[in-house]
Amino acid sequence: MTWSEMQPLLEQACWDTLYMVGWSTLIAVVGGLPLGVLLVLTDRGGLLQNTVLNKVIGQVVNIARSMPFIILMVALMGFTRSITGTTIGREAAIVPLAIGAIPFFARLVETAVREVDGGLVEAVQSMGGNTWTVVRKVLVPESLPSLIASTTTTIVALIGYSAMAGTVGAGGLGDIAIRYGYQRFETELMWITVGILAVVISLIQFAGDYAARGLHRRGGRSGAAPRLRLLKSRAPANAGSQASAGPGPVDGSAEAPATDIGKVA
């Protein structure tokens with residue numbers, strides 16, 4: 001097979017792979033982020049402690065993660081057909097790809113959120129912040145570098161899954177490698193496909209690592225500290241604590257405690 005014959009096949013396969021991985025990643029992030037945060041909030045000692053709910057969600061996530069992707073695709077064929085009307089092609093492949101990636105990403109989110117300093121959570125609560133405020137102003141912003149790294153890991157895993165989906169007619173680079181490289185003994189085309197996959201994965205990993213390092217250098221907060229100052233603490237409680245602490249501001253205003261919290265954050 002000449003290069004003029006390979007080129008259109010490879011171009012279409014690259015676009016199919018990017019299409020499948022892009023939509024699957026978006027669905028995985030939208031579904032896995034709240035699921036991972038919920039696993040932390042409902043755990044023992046969490047803000048929404050619910051041991052039963054935590055164990056149920058954890059078991060569902062564990063079962064979904066333990067299932068090999070090729071088996072998951074076969075098991076979801078009926079569900080995939082009911083949504084897309086078919087079980088082959090790139091649109092059909094998005095369904096099992098997304099469902100397989102959601103629990104994977106949720107566990108990565110759980111690990112990232114658990115690394116957030118508990119003192120920041122207590123600081124927001126002391127200023128009257130509720131659970132949603134804690135999630136929005138502390139847990140997600142402070143864990144953002146780790147969340148970006150988790151997203152990068154998920155994208156790389158989905159590229160591997162999409163190549164595997166090519167074995168059942170999903171399209172993409174995996175389909176090219178199987179149909180031409182394996183079944184038709186086009187070894188050169190197969191190795192070109194492998195090289196393209198390696199380059200794409202390397203570029204995605206580099207971009208993800210660069211973004212995560214950039215946020216780490218900025219403190220990983222993305223402006224969380226200024227927003228924390230917008231939460232005014234209750235004056236009577238803080239006035240009492242200031243009086244017991246000894247000499248200091250005696251006007252009972254909330255400005256001094258808010259400045260201290262900004263420094264903690």
# chains A, B, ... in the order shown; residues from 1 in each chain; ligands from 1
>>> residues_around(residues="region 184-199 of chain A", least_positions_apart="4", cutoff="9 Å", atoms="only C-alpha atoms", output="ChimeraX atom specification")
/A:1,6,10,14,159-160,173-174,176-180,203-204
>>> write_last_selection(atoms="all heavy atoms", output="short mmCIF file (atom, residue, chain, number, x, y, z; two decimals), in the first residue's frame")
data_model
loop_
_atom_site.label_atom_id
_atom_site.label_comp_id
_atom_site.auth_asym_id
_atom_site.auth_seq_id
_atom_site.Cartn_x
_atom_site.Cartn_y
_atom_site.Cartn_z
N MET A 1 0.85 -1.20 0.00
CA MET A 1 0.00 0.00 0.00
C MET A 1 0.89 1.25 0.00
O MET A 1 1.79 1.39 0.82
CB MET A 1 -0.91 0.00 1.23
CG MET A 1 -1.86 1.20 1.28
SD MET A 1 -2.99 1.15 2.70
CE MET A 1 -4.06 -0.20 2.24
N MET A 6 -2.59 5.33 1.93
CA MET A 6 -2.67 5.33 3.40
C MET A 6 -3.17 6.66 3.96
O MET A 6 -3.90 6.68 4.95
CB MET A 6 -1.27 5.06 4.00
CG MET A 6 -0.71 3.69 3.78
SD MET A 6 0.83 3.50 4.71
CE MET A 6 1.74 2.44 3.61
N LEU A 10 -5.61 7.26 7.22
CA LEU A 10 -5.06 7.71 8.50
C LEU A 10 -5.69 9.03 8.95
O LEU A 10 -5.96 9.21 10.15
CB LEU A 10 -3.55 7.88 8.38
CG LEU A 10 -2.75 6.59 8.20
CD1 LEU A 10 -1.29 6.89 7.89
CD2 LEU A 10 -2.85 5.72 9.45
N CYS A 14 -7.69 9.36 12.42
CA CYS A 14 -7.28 10.31 13.47
C CYS A 14 -8.47 11.16 13.92
O CYS A 14 -8.67 11.35 15.13
CB CYS A 14 -6.16 11.21 12.95
SG CYS A 14 -4.55 10.40 12.78
N ILE A 159 -7.79 6.90 24.97
CA ILE A 159 -7.17 6.63 23.67
C ILE A 159 -6.90 5.14 23.53
O ILE A 159 -7.14 4.54 22.47
CB ILE A 159 -5.88 7.45 23.50
CG1 ILE A 159 -6.22 8.94 23.39
CG2 ILE A 159 -5.11 7.00 22.27
CD1 ILE A 159 -5.00 9.84 23.34
N GLY A 160 -6.42 4.53 24.60
CA GLY A 160 -6.22 3.08 24.57
C GLY A 160 -7.53 2.32 24.43
O GLY A 160 -7.62 1.35 23.68
N LEU A 173 -8.11 4.84 14.87
CA LEU A 173 -6.80 4.26 14.58
C LEU A 173 -6.73 2.78 14.94
O LEU A 173 -6.05 2.01 14.27
CB LEU A 173 -5.73 5.04 15.36
CG LEU A 173 -5.50 6.47 14.88
CD1 LEU A 173 -4.61 7.23 15.87
CD2 LEU A 173 -4.89 6.49 13.49
N GLY A 174 -7.44 2.38 15.98
CA GLY A 174 -7.46 0.97 16.34
C GLY A 174 -8.08 0.11 15.25
O GLY A 174 -7.61 -1.00 14.96
N ILE A 176 -8.08 0.81 12.03
CA ILE A 176 -7.13 0.75 10.92
C ILE A 176 -6.05 -0.30 11.21
O ILE A 176 -5.68 -1.11 10.34
CB ILE A 176 -6.47 2.12 10.70
CG1 ILE A 176 -7.51 3.13 10.18
CG2 ILE A 176 -5.30 2.02 9.73
CD1 ILE A 176 -8.06 2.81 8.82
N ALA A 177 -5.54 -0.29 12.44
CA ALA A 177 -4.49 -1.25 12.80
C ALA A 177 -4.97 -2.69 12.70
O ALA A 177 -4.24 -3.58 12.25
CB ALA A 177 -3.98 -0.94 14.21
N ILE A 178 -6.23 -2.93 13.10
CA ILE A 178 -6.76 -4.29 13.07
C ILE A 178 -7.08 -4.72 11.63
O ILE A 178 -6.65 -5.79 11.17
CB ILE A 178 -8.03 -4.39 13.94
CG1 ILE A 178 -7.68 -4.20 15.42
CG2 ILE A 178 -8.72 -5.73 13.73
CD1 ILE A 178 -6.80 -5.29 16.00
N ARG A 179 -7.82 -3.89 10.91
CA ARG A 179 -8.29 -4.29 9.58
C ARG A 179 -7.15 -4.39 8.56
O ARG A 179 -7.12 -5.31 7.74
CB ARG A 179 -9.35 -3.31 9.07
CG ARG A 179 -10.71 -3.51 9.71
CD ARG A 179 -11.81 -2.80 8.93
NE ARG A 179 -11.66 -1.36 8.95
CZ ARG A 179 -11.56 -0.62 7.84
NH1 ARG A 179 -11.56 -1.20 6.65
NH2 ARG A 179 -11.45 0.70 7.93
N TYR A 180 -6.23 -3.44 8.61
CA TYR A 180 -5.17 -3.42 7.60
C TYR A 180 -3.87 -4.03 8.12
O TYR A 180 -3.23 -4.81 7.42
CB TYR A 180 -4.92 -1.99 7.14
CG TYR A 180 -6.06 -1.41 6.34
CD1 TYR A 180 -7.09 -0.71 6.97
CD2 TYR A 180 -6.13 -1.57 4.96
CE1 TYR A 180 -8.15 -0.19 6.24
CE2 TYR A 180 -7.18 -1.05 4.22
CZ TYR A 180 -8.19 -0.36 4.87
OH TYR A 180 -9.23 0.16 4.15
N LEU A 203 1.98 14.16 23.26
CA LEU A 203 1.58 15.57 23.23
C LEU A 203 0.54 15.87 24.30
O LEU A 203 0.61 16.91 24.98
CB LEU A 203 1.03 15.92 21.84
CG LEU A 203 2.05 15.96 20.70
CD1 LEU A 203 1.35 16.20 19.37
CD2 LEU A 203 3.11 17.03 20.94
N ILE A 204 -0.43 14.99 24.45
CA ILE A 204 -1.47 15.20 25.47
C ILE A 204 -0.86 15.16 26.87
O ILE A 204 -1.18 16.00 27.73
CB ILE A 204 -2.57 14.14 25.32
CG1 ILE A 204 -3.35 14.38 24.03
CG2 ILE A 204 -3.52 14.17 26.52
CD1 ILE A 204 -4.35 13.30 23.71
#
>>> select_by_dssp(residues="region 53-146 of chain A", states="alpha helix (DSSP H)", output="ChimeraX atom specification")
/A:53-66,69-75,77-84,90-114,118-126,131-134,140-142,144-146
>>> closest_residue(among="A:Ala106, A:Ala123, A:Ile201, A:Ile94", to="Asp16 (chain A)", atoms="only C-alpha atoms")
A:Ile94
>>> atom_distance(atom1="CA of Gly166 (chain A)", atom2="CA of Pro103 (chain A)")
22.0 Å
>>> residues_around(residues="Leu108 (chain A)", least_positions_apart="2", cutoff="10 Å", atoms="only C-alpha atoms", output="ChimeraX atom specification")
/A:32-33,36,103-106,110-113,146-147,149-151,153-154
>>> closest_atom_pairs(of="region 151-176 of chain A", to="region 52-75 of chain A", cutoff="9 Å", atoms="only C-alpha atoms", output="CSV")
residue,atom,partner,partner_atom,distance
A:Tyr161,CA,A:Phe69,CA,7.0
A:Met164,CA,A:Ile70,CA,7.2
A:Ala165,CA,A:Ile70,CA,7.3
A:Thr167,CA,A:Ile70,CA,8.9
A:Val168,CA,A:Met73,CA,8.8
>>> closest_residue(among="A:Gly181, A:Thr131, A:Ala28, A:Arg217", to="Thr42 (chain A)", atoms="only C-alpha atoms")
A:Thr131
>>> atom_distance(atom1="CA of Ala207 (chain A)", atom2="CA of Val134 (chain A)")
28.9 Å
